[in-house]
file final-v5.tsv (TSV, C-alpha atoms)
chain	number	residue	atom	x	y	z
A	5	MET	CA	21.01	-0.32	-24.44
A	6	ILE	CA	18.72	-0.21	-21.38
A	7	THR	CA	19.91	1.66	-18.33
A	8	VAL	CA	17.99	2.29	-15.13
A	9	ARG	CA	18.70	5.03	-12.61
A	10	PRO	CA	16.89	6.46	-9.57
A	11	ALA	CA	14.73	9.49	-10.36
A	12	GLY	CA	15.77	12.78	-8.79
A	13	PRO	CA	14.75	16.44	-8.68
A	14	GLY	CA	13.80	17.60	-12.18
A	15	ASP	CA	12.40	14.22	-13.26
A	16	GLY	CA	8.83	15.13	-12.22
A	17	PRO	CA	7.60	16.02	-15.74
A	18	ILE	CA	8.95	12.76	-17.26
A	19	LEU	CA	7.38	10.63	-14.52
A	20	HIS	CA	4.14	12.59	-14.74
A	21	ALA	CA	3.94	11.97	-18.50
A	22	MET	CA	4.64	8.26	-18.10
A	23	VAL	CA	2.06	7.74	-15.34
A	24	GLY	CA	-0.40	9.81	-17.38
A	25	GLU	CA	0.01	7.38	-20.26
A	26	LEU	CA	-0.49	4.47	-17.85
A	27	ALA	CA	-3.72	6.05	-16.56
A	28	LEU	CA	-4.92	6.56	-20.13
A	29	ASN	CA	-4.11	2.96	-21.13
A	30	HIS	CA	-5.98	1.66	-18.10
A	31	GLY	CA	-9.08	3.72	-18.82
A	32	HIS	CA	-8.49	5.99	-15.81
A	33	ALA	CA	-7.69	9.27	-17.56
A	34	GLN	CA	-10.40	11.00	-15.52
A	35	ASP	CA	-8.70	9.93	-12.26
A	36	PHE	CA	-5.34	11.33	-13.32
A	37	THR	CA	-5.35	14.73	-11.67
A	38	ALA	CA	-1.72	14.78	-10.49
A	39	ARG	CA	0.56	17.61	-11.59
A	40	PRO	CA	4.33	17.37	-12.24
A	41	ASP	CA	4.96	19.41	-9.06
A	42	ASP	CA	3.28	16.67	-6.99
A	43	TYR	CA	6.07	14.37	-8.17
A	44	GLU	CA	8.80	16.96	-7.70
A	45	ARG	CA	7.83	17.24	-4.04
A	46	PHE	CA	8.62	13.62	-3.21
A	47	LEU	CA	11.66	13.55	-5.51
A	48	ALA	CA	13.13	16.43	-3.49
A	49	ASP	CA	12.26	14.96	-0.08
A	50	PRO	CA	14.99	12.75	1.41
A	51	HIS	CA	12.45	11.33	3.87
A	52	ALA	CA	9.73	10.67	1.28
A	53	ILE	CA	7.80	7.43	1.63
A	54	ASN	CA	8.08	6.91	-2.11
A	55	GLY	CA	10.53	7.16	-4.96
A	56	ALA	CA	11.02	6.21	-8.58
A	57	LEU	CA	13.35	4.54	-11.05
A	58	ILE	CA	13.60	5.63	-14.68
A	59	ALA	CA	14.64	3.36	-17.55
A	60	PHE	CA	16.36	4.77	-20.62
A	61	TRP	CA	16.69	3.20	-24.04
A	62	ASP	CA	20.01	4.64	-25.13
A	63	GLU	CA	19.41	8.28	-24.11
A	64	ALA	CA	15.61	8.27	-24.38
A	65	PRO	CA	13.35	7.90	-21.33
A	66	ALA	CA	11.51	4.63	-21.93
A	67	GLY	CA	9.72	3.71	-18.72
A	68	CYS	CA	9.50	4.10	-14.97
A	69	ALA	CA	8.77	2.27	-11.74
A	70	ILE	CA	7.29	4.24	-8.84
A	71	TRP	CA	7.52	2.55	-5.47
A	72	GLN	CA	6.55	3.25	-1.90
A	73	ARG	CA	7.52	2.00	1.51
A	74	SER	CA	4.85	-0.29	2.85
A	75	TYR	CA	4.64	-2.36	6.04
A	76	SER	CA	3.54	-5.86	6.97
A	77	THR	CA	2.42	-6.21	10.58
A	78	PHE	CA	2.51	-10.00	10.25
A	79	ARG	CA	6.16	-9.93	9.22
A	80	GLY	CA	6.95	-7.02	11.53
A	81	ARG	CA	8.90	-5.20	8.85
A	82	GLU	CA	8.75	-2.92	5.89
A	83	THR	CA	7.98	-4.17	2.41
A	84	LEU	CA	8.28	-2.40	-0.93
A	85	TYR	CA	5.06	-1.66	-2.79
A	86	LEU	CA	5.37	-1.05	-6.53
A	87	GLU	CA	2.69	1.50	-7.30
A	88	ASP	CA	3.27	2.01	-11.03
A	89	LEU	CA	5.24	0.28	-13.75
A	90	SER	CA	5.01	2.09	-17.06
A	91	VAL	CA	6.78	1.56	-20.38
A	92	LEU	CA	6.17	4.04	-23.19
A	93	GLU	CA	4.61	2.53	-26.30
A	94	PRO	CA	7.62	2.77	-28.67
A	95	PHE	CA	9.80	0.89	-26.16
A	96	ARG	CA	7.52	-2.04	-25.37
A	97	ARG	CA	8.50	-5.67	-25.93
A	98	ARG	CA	12.18	-4.83	-25.57
A	99	GLY	CA	12.71	-6.03	-22.00
A	100	VAL	CA	12.37	-2.58	-20.38
A	101	ALA	CA	9.73	-3.70	-17.84
A	102	ARG	CA	11.84	-6.65	-16.80
A	103	GLU	CA	14.89	-4.41	-16.29
A	104	LEU	CA	12.78	-2.09	-14.17
A	105	LEU	CA	11.44	-4.99	-12.08
A	106	SER	CA	14.95	-6.27	-11.63
A	107	ALA	CA	16.08	-2.82	-10.44
A	108	VAL	CA	13.13	-2.70	-8.03
A	109	ALA	CA	14.15	-6.11	-6.64
A	110	ARG	CA	17.72	-4.86	-6.14
A	111	LEU	CA	16.43	-1.73	-4.44
A	112	ALA	CA	14.32	-3.83	-2.05
A	113	LEU	CA	17.23	-6.08	-1.15
A	114	SER	CA	19.60	-3.11	-0.72
A	115	ARG	CA	17.12	-1.61	1.78
A	116	GLY	CA	16.98	-4.91	3.66
A	117	LEU	CA	13.41	-5.59	2.53
A	118	GLY	CA	12.56	-9.17	1.69
A	119	GLU	CA	9.42	-8.57	-0.31
A	120	VAL	CA	8.02	-6.59	-3.22
A	121	ILE	CA	4.25	-6.38	-3.70
A	122	TRP	CA	2.27	-4.85	-6.53
A	123	SER	CA	-1.12	-4.99	-8.21
A	124	MET	CA	-2.14	-5.25	-11.81
A	125	MET	CA	-5.36	-5.17	-13.76
A	126	SER	CA	-6.61	-8.74	-14.11
A	127	TRP	CA	-7.08	-8.34	-17.90
A	128	ASN	CA	-3.43	-7.46	-18.50
A	129	ALA	CA	-2.25	-10.82	-19.88
A	130	GLY	CA	1.10	-9.50	-21.13
A	131	ALA	CA	1.97	-8.15	-17.70
A	132	ARG	CA	0.79	-11.38	-16.07
A	133	ARG	CA	3.18	-13.45	-18.21
A	134	LEU	CA	6.10	-11.24	-17.22
A	135	TYR	CA	5.23	-11.30	-13.51
A	136	GLU	CA	4.90	-15.05	-13.44
A	137	ALA	CA	8.13	-15.42	-15.41
A	138	VAL	CA	10.03	-13.50	-12.73
A	139	GLY	CA	8.64	-15.75	-10.00
A	140	ALA	CA	5.95	-13.55	-8.48
A	141	ARG	CA	2.97	-15.36	-7.02
A	142	ILE	CA	-0.60	-14.18	-6.92
A	143	GLU	CA	-2.06	-13.30	-3.52
A	144	GLU	CA	-5.31	-15.20	-3.65
A	145	GLY	CA	-8.44	-13.99	-1.98
A	146	ASN	CA	-7.48	-10.37	-1.44
A	147	CYS	CA	-9.98	-7.69	-2.31
A	148	LEU	CA	-8.85	-4.07	-2.27
A	149	CYS	CA	-11.40	-1.59	-0.90
A	150	ARG	CA	-11.36	2.12	-1.52
A	151	LEU	CA	-13.25	4.93	0.14
A	152	SER	CA	-13.08	8.26	-1.66
A	153	GLY	CA	-15.14	11.18	-2.91
A	154	ASP	CA	-18.60	11.65	-1.38
A	155	ALA	CA	-18.49	8.41	0.61
A	156	LEU	CA	-15.23	9.46	2.27
A	157	GLU	CA	-16.60	12.94	3.03
A	158	ARG	CA	-19.70	11.37	4.53
A	159	LEU	CA	-17.88	8.97	6.80
A	160	GLY	CA	-15.34	11.62	7.72
A	161	SER	CA	-17.86	14.31	8.61
B	23	MET	CA	-21.54	2.17	27.42
B	24	THR	CA	-18.65	4.30	26.37
B	25	LEU	CA	-16.29	4.01	23.47
B	26	ALA	CA	-13.01	5.90	23.40
B	27	ILE	CA	-10.43	5.96	20.61
B	28	ARG	CA	-6.90	7.24	21.03
B	29	SER	CA	-3.47	6.70	19.49
B	30	ALA	CA	-1.32	3.91	20.91
B	31	ALA	CA	1.48	5.11	23.20
B	32	PRO	CA	4.98	3.71	23.81
B	33	GLY	CA	4.69	0.71	26.12
B	34	GLU	CA	1.54	-0.56	24.40
B	35	GLU	CA	3.37	-2.54	21.70
B	36	GLY	CA	2.46	-5.78	23.54
B	37	LEU	CA	-1.24	-4.91	23.38
B	38	VAL	CA	-0.89	-4.03	19.66
B	39	LEU	CA	0.98	-7.25	18.86
B	40	GLY	CA	-1.69	-9.21	20.75
B	41	PHE	CA	-4.35	-7.69	18.47
B	42	ILE	CA	-2.22	-8.41	15.38
B	43	ARG	CA	-1.98	-12.05	16.42
B	44	LYS	CA	-5.72	-12.29	17.10
B	45	LEU	CA	-6.45	-10.80	13.68
B	46	ALA	CA	-4.07	-13.27	12.05
B	47	ALA	CA	-5.79	-16.14	13.85
B	48	TYR	CA	-9.18	-14.91	12.60
B	49	GLU	CA	-7.76	-14.78	9.06
B	50	LYS	CA	-6.28	-18.29	9.55
B	51	LEU	CA	-2.80	-16.86	9.03
B	52	LEU	CA	-1.37	-17.05	12.55
B	53	ASP	CA	1.56	-19.17	11.40
B	54	GLU	CA	2.65	-16.24	9.18
B	55	VAL	CA	3.09	-13.84	12.10
B	56	ALA	CA	6.78	-13.30	12.69
B	57	ALA	CA	6.58	-9.81	14.23
B	58	SER	CA	8.03	-9.22	17.70
B	59	GLU	CA	7.12	-6.53	20.24
B	60	GLU	CA	10.39	-4.82	19.35
B	61	ASP	CA	9.41	-4.78	15.64
B	62	ILE	CA	6.12	-3.11	16.54
B	63	ARG	CA	7.81	-0.65	18.90
B	64	GLN	CA	10.17	0.39	16.09
B	65	ALA	CA	7.37	0.68	13.53
B	66	LEU	CA	5.12	2.81	15.75
B	67	PHE	CA	7.37	4.75	18.08
B	68	ALA	CA	10.76	5.27	16.41
B	69	ALA	CA	11.61	8.74	15.07
B	70	ASN	CA	9.66	9.26	11.81
B	71	PRO	CA	7.54	6.14	12.47
B	72	ARG	CA	6.38	4.25	9.39
B	73	CYS	CA	3.09	3.18	10.96
B	74	HIS	CA	0.46	4.59	13.27
B	75	CYS	CA	-2.04	2.83	15.50
B	76	GLU	CA	-5.39	3.82	16.96
B	77	LEU	CA	-6.73	1.86	19.94
B	78	ALA	CA	-10.42	1.51	20.80
B	79	PHE	CA	-11.54	1.06	24.42
B	80	TRP	CA	-14.99	-0.09	25.47
B	81	GLU	CA	-15.78	0.95	29.04
B	82	GLY	CA	-12.09	1.36	29.63
B	83	ALA	CA	-11.04	-2.08	28.35
B	84	PRO	CA	-9.03	-2.58	25.12
B	85	ALA	CA	-11.56	-3.49	22.42
B	86	GLY	CA	-9.75	-3.30	19.10
B	87	PHE	CA	-7.30	-1.44	16.92
B	88	ALA	CA	-6.63	0.14	13.55
B	89	LEU	CA	-3.04	0.13	12.29
B	90	TRP	CA	-2.32	2.34	9.27
B	91	PHE	CA	0.28	4.21	7.27
B	92	TYR	CA	0.39	6.97	4.70
B	93	ASN	CA	0.69	6.02	1.05
B	94	PHE	CA	0.79	8.10	-2.12
B	95	SER	CA	-1.49	8.05	-5.14
B	96	THR	CA	0.46	8.84	-8.29
B	97	PHE	CA	-2.84	9.40	-10.12
B	98	ALA	CA	-4.16	11.92	-7.58
B	99	GLY	CA	-0.70	13.31	-6.84
B	100	LYS	CA	-1.61	13.23	-3.17
B	101	ALA	CA	-1.01	11.15	-0.08
B	102	GLY	CA	-3.69	8.80	1.24
B	103	ILE	CA	-4.17	6.44	4.15
B	104	TYR	CA	-3.72	2.68	3.86
B	105	LEU	CA	-5.34	0.71	6.65
B	106	GLU	CA	-3.21	-2.39	7.19
B	107	ASP	CA	-5.10	-3.95	10.11
B	108	LEU	CA	-8.53	-3.53	11.67
B	109	TYR	CA	-9.68	-5.78	14.51
B	110	VAL	CA	-12.41	-5.82	17.18
B	111	GLU	CA	-12.59	-8.35	20.00
B	112	PRO	CA	-15.26	-11.01	19.23
B	113	ASP	CA	-17.36	-10.37	22.36
B	114	LEU	CA	-17.49	-6.64	21.55
B	115	ARG	CA	-18.55	-6.92	17.92
B	116	GLY	CA	-21.87	-5.46	16.81
B	117	LYS	CA	-21.42	-2.31	18.90
B	118	GLY	CA	-20.12	-0.17	16.04
B	119	ILE	CA	-16.50	-0.21	17.24
B	120	GLY	CA	-15.06	-1.20	13.84
B	121	LYS	CA	-17.08	1.46	12.09
B	122	ALA	CA	-16.02	4.04	14.69
B	123	LEU	CA	-12.35	3.20	14.00
B	124	LEU	CA	-12.94	3.59	10.24
B	125	LYS	CA	-14.76	6.87	10.83
B	126	HIS	CA	-11.88	8.09	12.99
B	127	LEU	CA	-9.47	7.56	10.07
B	128	ALA	CA	-11.91	8.93	7.49
B	129	LYS	CA	-12.03	12.13	9.57
B	130	ARG	CA	-8.26	12.30	9.45
B	131	CYS	CA	-8.37	11.94	5.66
B	132	VAL	CA	-10.86	14.78	5.34
B	133	ALA	CA	-9.00	16.99	7.83
B	134	GLU	CA	-5.66	16.45	6.06
B	135	GLY	CA	-7.09	16.68	2.53
B	136	LEU	CA	-6.26	13.08	1.62
B	137	PRO	CA	-8.53	11.90	-1.20
B	138	ARG	CA	-8.12	8.16	-0.79
B	139	PHE	CA	-8.60	5.75	2.12
B	140	GLN	CA	-7.83	2.12	1.23
B	141	TRP	CA	-7.59	-1.29	2.80
B	142	SER	CA	-7.79	-4.95	1.81
B	143	VAL	CA	-10.19	-7.62	2.95
B	144	LEU	CA	-10.12	-11.37	2.44
B	145	ASN	CA	-12.88	-12.12	-0.01
B	146	TRP	CA	-14.50	-14.76	2.27
B	147	ASN	CA	-14.96	-12.21	5.05
B	148	ALA	CA	-18.60	-11.43	4.30
B	149	PRO	CA	-19.45	-9.67	7.60
B	150	SER	CA	-16.66	-7.14	7.10
B	151	ILE	CA	-17.44	-6.64	3.42
B	152	ALA	CA	-21.07	-5.88	4.35
B	153	VAL	CA	-19.92	-3.18	6.80
B	154	TYR	CA	-17.54	-1.65	4.24
B	155	GLU	CA	-20.11	-1.52	1.46
B	156	ALA	CA	-22.75	-0.08	3.78
B	157	MET	CA	-20.51	2.92	4.37
B	158	GLY	CA	-19.88	3.47	0.66
B	159	ALA	CA	-16.50	1.80	0.19
B	160	LYS	CA	-16.10	0.27	-3.25
B	161	PRO	CA	-14.19	-2.88	-4.11
B	162	VAL	CA	-11.48	-1.97	-6.60
B	163	ASP	CA	-12.50	-4.48	-9.24
B	164	ALA	CA	-10.23	-6.55	-11.40
B	165	TRP	CA	-7.02	-5.96	-9.49
B	166	THR	CA	-4.73	-8.92	-9.00
B	167	VAL	CA	-2.12	-8.64	-6.25
B	168	TYR	CA	1.35	-10.10	-6.74
B	169	ARG	CA	4.04	-10.84	-4.20
B	170	LEU	CA	7.72	-11.50	-4.89
B	171	SER	CA	10.01	-12.68	-2.10
B	172	GLY	CA	12.69	-15.16	-1.10
B	173	PRO	CA	14.74	-16.87	-3.81
B	174	GLU	CA	12.59	-15.47	-6.63
B	175	LEU	CA	13.27	-11.91	-5.40
B	176	ALA	CA	17.00	-12.59	-5.16
B	177	SER	CA	17.00	-14.19	-8.59
B	178	LEU	CA	15.28	-11.21	-10.22
B	179	ALA	CA	17.67	-8.82	-8.46
B	180	ARG	CA	20.58	-10.59	-10.12
B	181	GLY	CA	19.00	-9.70	-13.46

call {"tool": "encode", "arguments": {"input": "final-v5.tsv", "output": "structure tokens"}}
result
Amino acid sequence: MITVRPAGPGDGPILHAMVGELALNHGHAQDFTARPDDYERFLADPHAINGALIAFWDEAPAGCAIWQRSYSTFRGRETLYLEDLSVLEPFRRRGVARELLSAVARLALSRGLGEVIWSMMSWNAGARRLYEAVGARIEEGNCLCRLSGDALERLGS
Amino acid sequence: MTLAIRSAAPGEEGLVLGFIRKLAAYEKLLDEVAASEEDIRQALFAANPRCHCELAFWEGAPAGFALWFYNFSTFAGKAGIYLEDLYVEPDLRGKGIGKALLKHLAKRCVAEGLPRFQWSVLNWNAPSIAVYEAMGAKPVDAWTVYRLSGPELASLARG
């Protein structure tokens, strides 16, 4: 019932809607300023640093995983960073997220990458159970810092 | 008393790897460094390189580095910069070299219209966190980072 395929040109609006729902669910609707064309650009670029997988429940789009190429200087090789994992509300608790994670793991291995990394909101207990069930381990002691908006303009002036 | 910052050039992968190893030692993670000079040469100087590196020189001597790559924000719909490594030699700290490297990359963000400049810091690294917060960087609260590799990755890939 669940199938997963790589996203391609024309899938921008579906991905955009799914990530928009993710932003809304995470209380970040105001930060979601992307447009479907922003997604179409990387979907059409064979050298893009990012890409996406779409899961379907029968014929209906049910969820997506958006990934990007990352790099570990300690390991001296690329890693895969999972930027977004989104499952639409009607399709939750049916194993869609796990199928997407499994497809991401296959993608990493097929690209010769030995590692997938992602982040999640600490309050997301359902996601945490899934991630621990698939064998992921928490990177302790890491704090992500972000510079944007006025502070970025100030430092960059 | 002069500081100069420029991009690393082919042939400097040994210098870059030396900084990577010193940073790992500072973070108490030296035993995790598996990168070779050839790995770094490929990452920085191959066609369509995945990573970029800025070197800082204090009075002509190598003083530190910033190694970074482009990422993409699906919320903003735009690329950003992710700073993977930032390091300044211990005897040259306190001269503003780390901040100058950050400013160098912030300028690139502004010039290229990139809305987001991100990096990670170990949460015990109070001196660095103080510098980052002084310049307006915000910790992205409540994020937990996961890593999947080795047999667990292979097992998930099998479904």

call {"tool": "residues_around", "arguments": {"input": "final-v5.tsv", "residues": "Leu134 (chain A)", "least_positions_apart": "3", "cutoff": "10 Å", "atoms": "only C-alpha atoms", "output": "PDB file with C-alpha atoms, keeping the file's coordinate frame"}}
result
ATOM      1  CA  GLY A  99      12.710  -6.030 -22.000  1.00  0.00           C
ATOM      2  CA  ALA A 101       9.730  -3.700 -17.840  1.00  0.00           C
ATOM      3  CA  ARG A 102      11.840  -6.650 -16.800  1.00  0.00           C
ATOM      4  CA  LEU A 105      11.440  -4.990 -12.080  1.00  0.00           C
ATOM      5  CA  ALA A 129      -2.250 -10.820 -19.880  1.00  0.00           C
ATOM      6  CA  GLY A 130       1.100  -9.500 -21.130  1.00  0.00           C
ATOM      7  CA  ALA A 131       1.970  -8.150 -17.700  1.00  0.00           C
ATOM      8  CA  ALA A 137       8.130 -15.420 -15.410  1.00  0.00           C
ATOM      9  CA  VAL A 138      10.030 -13.500 -12.730  1.00  0.00           C
ATOM     10  CA  GLY A 139       8.640 -15.750 -10.000  1.00  0.00           C
ATOM     11  CA  ALA A 140       5.950 -13.550  -8.480  1.00  0.00           C
TER      12      ALA A 140
END

call {"tool": "closest_atom_pairs", "arguments": {"input": "final-v5.tsv", "of": "chain B", "to": "chain A", "cutoff": "7 Å", "atoms": "all atoms listed in the file", "output": "JSON lines"}}
result
{"residue": "B:Glu54", "atom": "CA", "partner": "A:Phe78", "partner_atom": "CA", "distance": 6.3}
{"residue": "B:Val55", "atom": "CA", "partner": "A:Phe78", "partner_atom": "CA", "distance": 4.3}
{"residue": "B:Ala56", "atom": "CA", "partner": "A:Arg79", "partner_atom": "CA", "distance": 4.9}
{"residue": "B:Ala57", "atom": "CA", "partner": "A:Gly80", "partner_atom": "CA", "distance": 3.9}
{"residue": "B:Ser58", "atom": "CA", "partner": "A:Gly80", "partner_atom": "CA", "distance": 6.6}
{"residue": "B:Asp61", "atom": "CA", "partner": "A:Gly80", "partner_atom": "CA", "distance": 5.3}
{"residue": "B:Ile62", "atom": "CA", "partner": "A:Gly80", "partner_atom": "CA", "distance": 6.4}
{"residue": "B:Thr96", "atom": "CA", "partner": "A:Ala38", "partner_atom": "CA", "distance": 6.7}
{"residue": "B:Phe97", "atom": "CA", "partner": "A:Phe36", "partner_atom": "CA", "distance": 4.5}
{"residue": "B:Ala98", "atom": "CA", "partner": "A:Ala38", "partner_atom": "CA", "distance": 4.8}
{"residue": "B:Gly99", "atom": "CA", "partner": "A:Ala38", "partner_atom": "CA", "distance": 4.1}
{"residue": "B:Lys125", "atom": "CA", "partner": "A:Leu159", "partner_atom": "CA", "distance": 5.5}
{"residue": "B:Ala128", "atom": "CA", "partner": "A:Gly160", "partner_atom": "CA", "distance": 4.4}
{"residue": "B:Lys129", "atom": "CA", "partner": "A:Gly160", "partner_atom": "CA", "distance": 3.8}
{"residue": "B:Val132", "atom": "CA", "partner": "A:Gly160", "partner_atom": "CA", "distance": 6.0}
{"residue": "B:Pro137", "atom": "CA", "partner": "A:Ser152", "partner_atom": "CA", "distance": 5.8}
{"residue": "B:Arg138", "atom": "CA", "partner": "A:Ser152", "partner_atom": "CA", "distance": 5.0}
{"residue": "B:Phe139", "atom": "CA", "partner": "A:Leu151", "partner_atom": "CA", "distance": 5.1}
{"residue": "B:Gln140", "atom": "CA", "partner": "A:Arg150", "partner_atom": "CA", "distance": 4.5}
{"residue": "B:Trp141", "atom": "CA", "partner": "A:Cys149", "partner_atom": "CA", "distance": 5.3}
{"residue": "B:Ser142", "atom": "CA", "partner": "A:Leu148", "partner_atom": "CA", "distance": 4.3}
{"residue": "B:Val143", "atom": "CA", "partner": "A:Cys147", "partner_atom": "CA", "distance": 5.3}
{"residue": "B:Leu144", "atom": "CA", "partner": "A:Asn146", "partner_atom": "CA", "distance": 4.8}
{"residue": "B:Asn145", "atom": "CA", "partner": "A:Gly145", "partner_atom": "CA", "distance": 5.2}
{"residue": "B:Met157", "atom": "CA", "partner": "A:Ala155", "partner_atom": "CA", "distance": 7.0}
{"residue": "B:Gly158", "atom": "CA", "partner": "A:Ala155", "partner_atom": "CA", "distance": 5.1}
{"residue": "B:Ala159", "atom": "CA", "partner": "A:Leu151", "partner_atom": "CA", "distance": 4.5}
{"residue": "B:Lys160", "atom": "CA", "partner": "A:Arg150", "partner_atom": "CA", "distance": 5.4}
{"residue": "B:Pro161", "atom": "CA", "partner": "A:Cys149", "partner_atom": "CA", "distance": 4.4}
{"residue": "B:Val162", "atom": "CA", "partner": "A:Leu148", "partner_atom": "CA", "distance": 5.5}
{"residue": "B:Ala164", "atom": "CA", "partner": "A:Ser126", "partner_atom": "CA", "distance": 5.0}
{"residue": "B:Trp165", "atom": "CA", "partner": "A:Met125", "partner_atom": "CA", "distance": 4.6}
{"residue": "B:Thr166", "atom": "CA", "partner": "A:Met124", "partner_atom": "CA", "distance": 5.3}
{"residue": "B:Val167", "atom": "CA", "partner": "A:Ser123", "partner_atom": "CA", "distance": 4.3}
{"residue": "B:Tyr168", "atom": "CA", "partner": "A:Ile142", "partner_atom": "CA", "distance": 4.5}
{"residue": "B:Arg169", "atom": "CA", "partner": "A:Ile121", "partner_atom": "CA", "distance": 4.5}
{"residue": "B:Leu170", "atom": "CA", "partner": "A:Ala140", "partner_atom": "CA", "distance": 4.5}
{"residue": "B:Ser171", "atom": "CA", "partner": "A:Glu119", "partner_atom": "CA", "distance": 4.5}
{"residue": "B:Gly172", "atom": "CA", "partner": "A:Gly118", "partner_atom": "CA", "distance": 6.6}
{"residue": "B:Glu174", "atom": "CA", "partner": "A:Gly139", "partner_atom": "CA", "distance": 5.2}
{"residue": "B:Leu175", "atom": "CA", "partner": "A:Ala109", "partner_atom": "CA", "distance": 6.0}
{"residue": "B:Leu178", "atom": "CA", "partner": "A:Ser106", "partner_atom": "CA", "distance": 5.1}
{"residue": "B:Ala179", "atom": "CA", "partner": "A:Arg110", "partner_atom": "CA", "distance": 4.6}
{"residue": "B:Gly181", "atom": "CA", "partner": "A:Ser106", "partner_atom": "CA", "distance": 5.6}

call {"tool": "atom_distance", "arguments": {"input": "final-v5.tsv", "atom1": "CA of Ala133 (chain B)", "atom2": "CA of Ile103 (chain B)"}}
result
12.2 Å

call {"tool": "residues_near_point", "arguments": {"input": "final-v5.tsv", "point": "(-13.9, -12.2, 13.6)", "cutoff": "12 Å", "atoms": "all atoms listed in the file", "output": "PDB file with C-alpha atoms, in the frame of the given file"}}
result
ATOM      1  CA  PHE B  41      -4.350  -7.690  18.470  1.00  0.00           C
ATOM      2  CA  LYS B  44      -5.720 -12.290  17.100  1.00  0.00           C
ATOM      3  CA  LEU B  45      -6.450 -10.800  13.680  1.00  0.00           C
ATOM      4  CA  ALA B  46      -4.070 -13.270  12.050  1.00  0.00           C
ATOM      5  CA  ALA B  47      -5.790 -16.140  13.850  1.00  0.00           C
ATOM      6  CA  TYR B  48      -9.180 -14.910  12.600  1.00  0.00           C
ATOM      7  CA  GLU B  49      -7.760 -14.780   9.060  1.00  0.00           C
ATOM      8  CA  LYS B  50      -6.280 -18.290   9.550  1.00  0.00           C
ATOM      9  CA  GLY B  86      -9.750  -3.300  19.100  1.00  0.00           C
ATOM     10  CA  LEU B 108      -8.530  -3.530  11.670  1.00  0.00           C
ATOM     11  CA  TYR B 109      -9.680  -5.780  14.510  1.00  0.00           C
ATOM     12  CA  VAL B 110     -12.410  -5.820  17.180  1.00  0.00           C
ATOM     13  CA  GLU B 111     -12.590  -8.350  20.000  1.00  0.00           C
ATOM     14  CA  PRO B 112     -15.260 -11.010  19.230  1.00  0.00           C
ATOM     15  CA  ASP B 113     -17.360 -10.370  22.360  1.00  0.00           C
ATOM     16  CA  LEU B 114     -17.490  -6.640  21.550  1.00  0.00           C
ATOM     17  CA  ARG B 115     -18.550  -6.920  17.920  1.00  0.00           C
ATOM     18  CA  GLY B 116     -21.870  -5.460  16.810  1.00  0.00           C
ATOM     19  CA  GLY B 120     -15.060  -1.200  13.840  1.00  0.00           C
ATOM     20  CA  LEU B 144     -10.120 -11.370   2.440  1.00  0.00           C
ATOM     21  CA  TRP B 146     -14.500 -14.760   2.270  1.00  0.00           C
ATOM     22  CA  ASN B 147     -14.960 -12.210   5.050  1.00  0.00           C
ATOM     23  CA  ALA B 148     -18.600 -11.430   4.300  1.00  0.00           C
ATOM     24  CA  PRO B 149     -19.450  -9.670   7.600  1.00  0.00           C
ATOM     25  CA  SER B 150     -16.660  -7.140   7.100  1.00  0.00           C
TER      26      SER B 150
END

call {"tool": "atom_distance", "arguments": {"input": "final-v5.tsv", "atom1": "CA of Asp15 (chain A)", "atom2": "CA of Leu136 (chain B)"}}
result
23.9 Å

call {"tool": "atom_distance", "arguments": {"input": "final-v5.tsv", "atom1": "CA of Phe67 (chain B)", "atom2": "CA of Gly36 (chain B)"}}
result
12.8 Å

call {"tool": "closest_residue", "arguments": {"input": "final-v5.tsv", "among": "A:Ala56, A:Gly116, A:Glu93, A:Trp61", "to": "Glu44 (chain A)", "atoms": "all atoms listed in the file"}}
result
A:Ala56

call {"tool": "residues_near_point", "arguments": {"input": "final-v5.tsv", "point": "(17.2, 9.7, -26.0)", "cutoff": "12 Å", "atoms": "all atoms listed in the file", "output": "ChimeraX atom specification"}}
result
/A:5-7,59-66,95
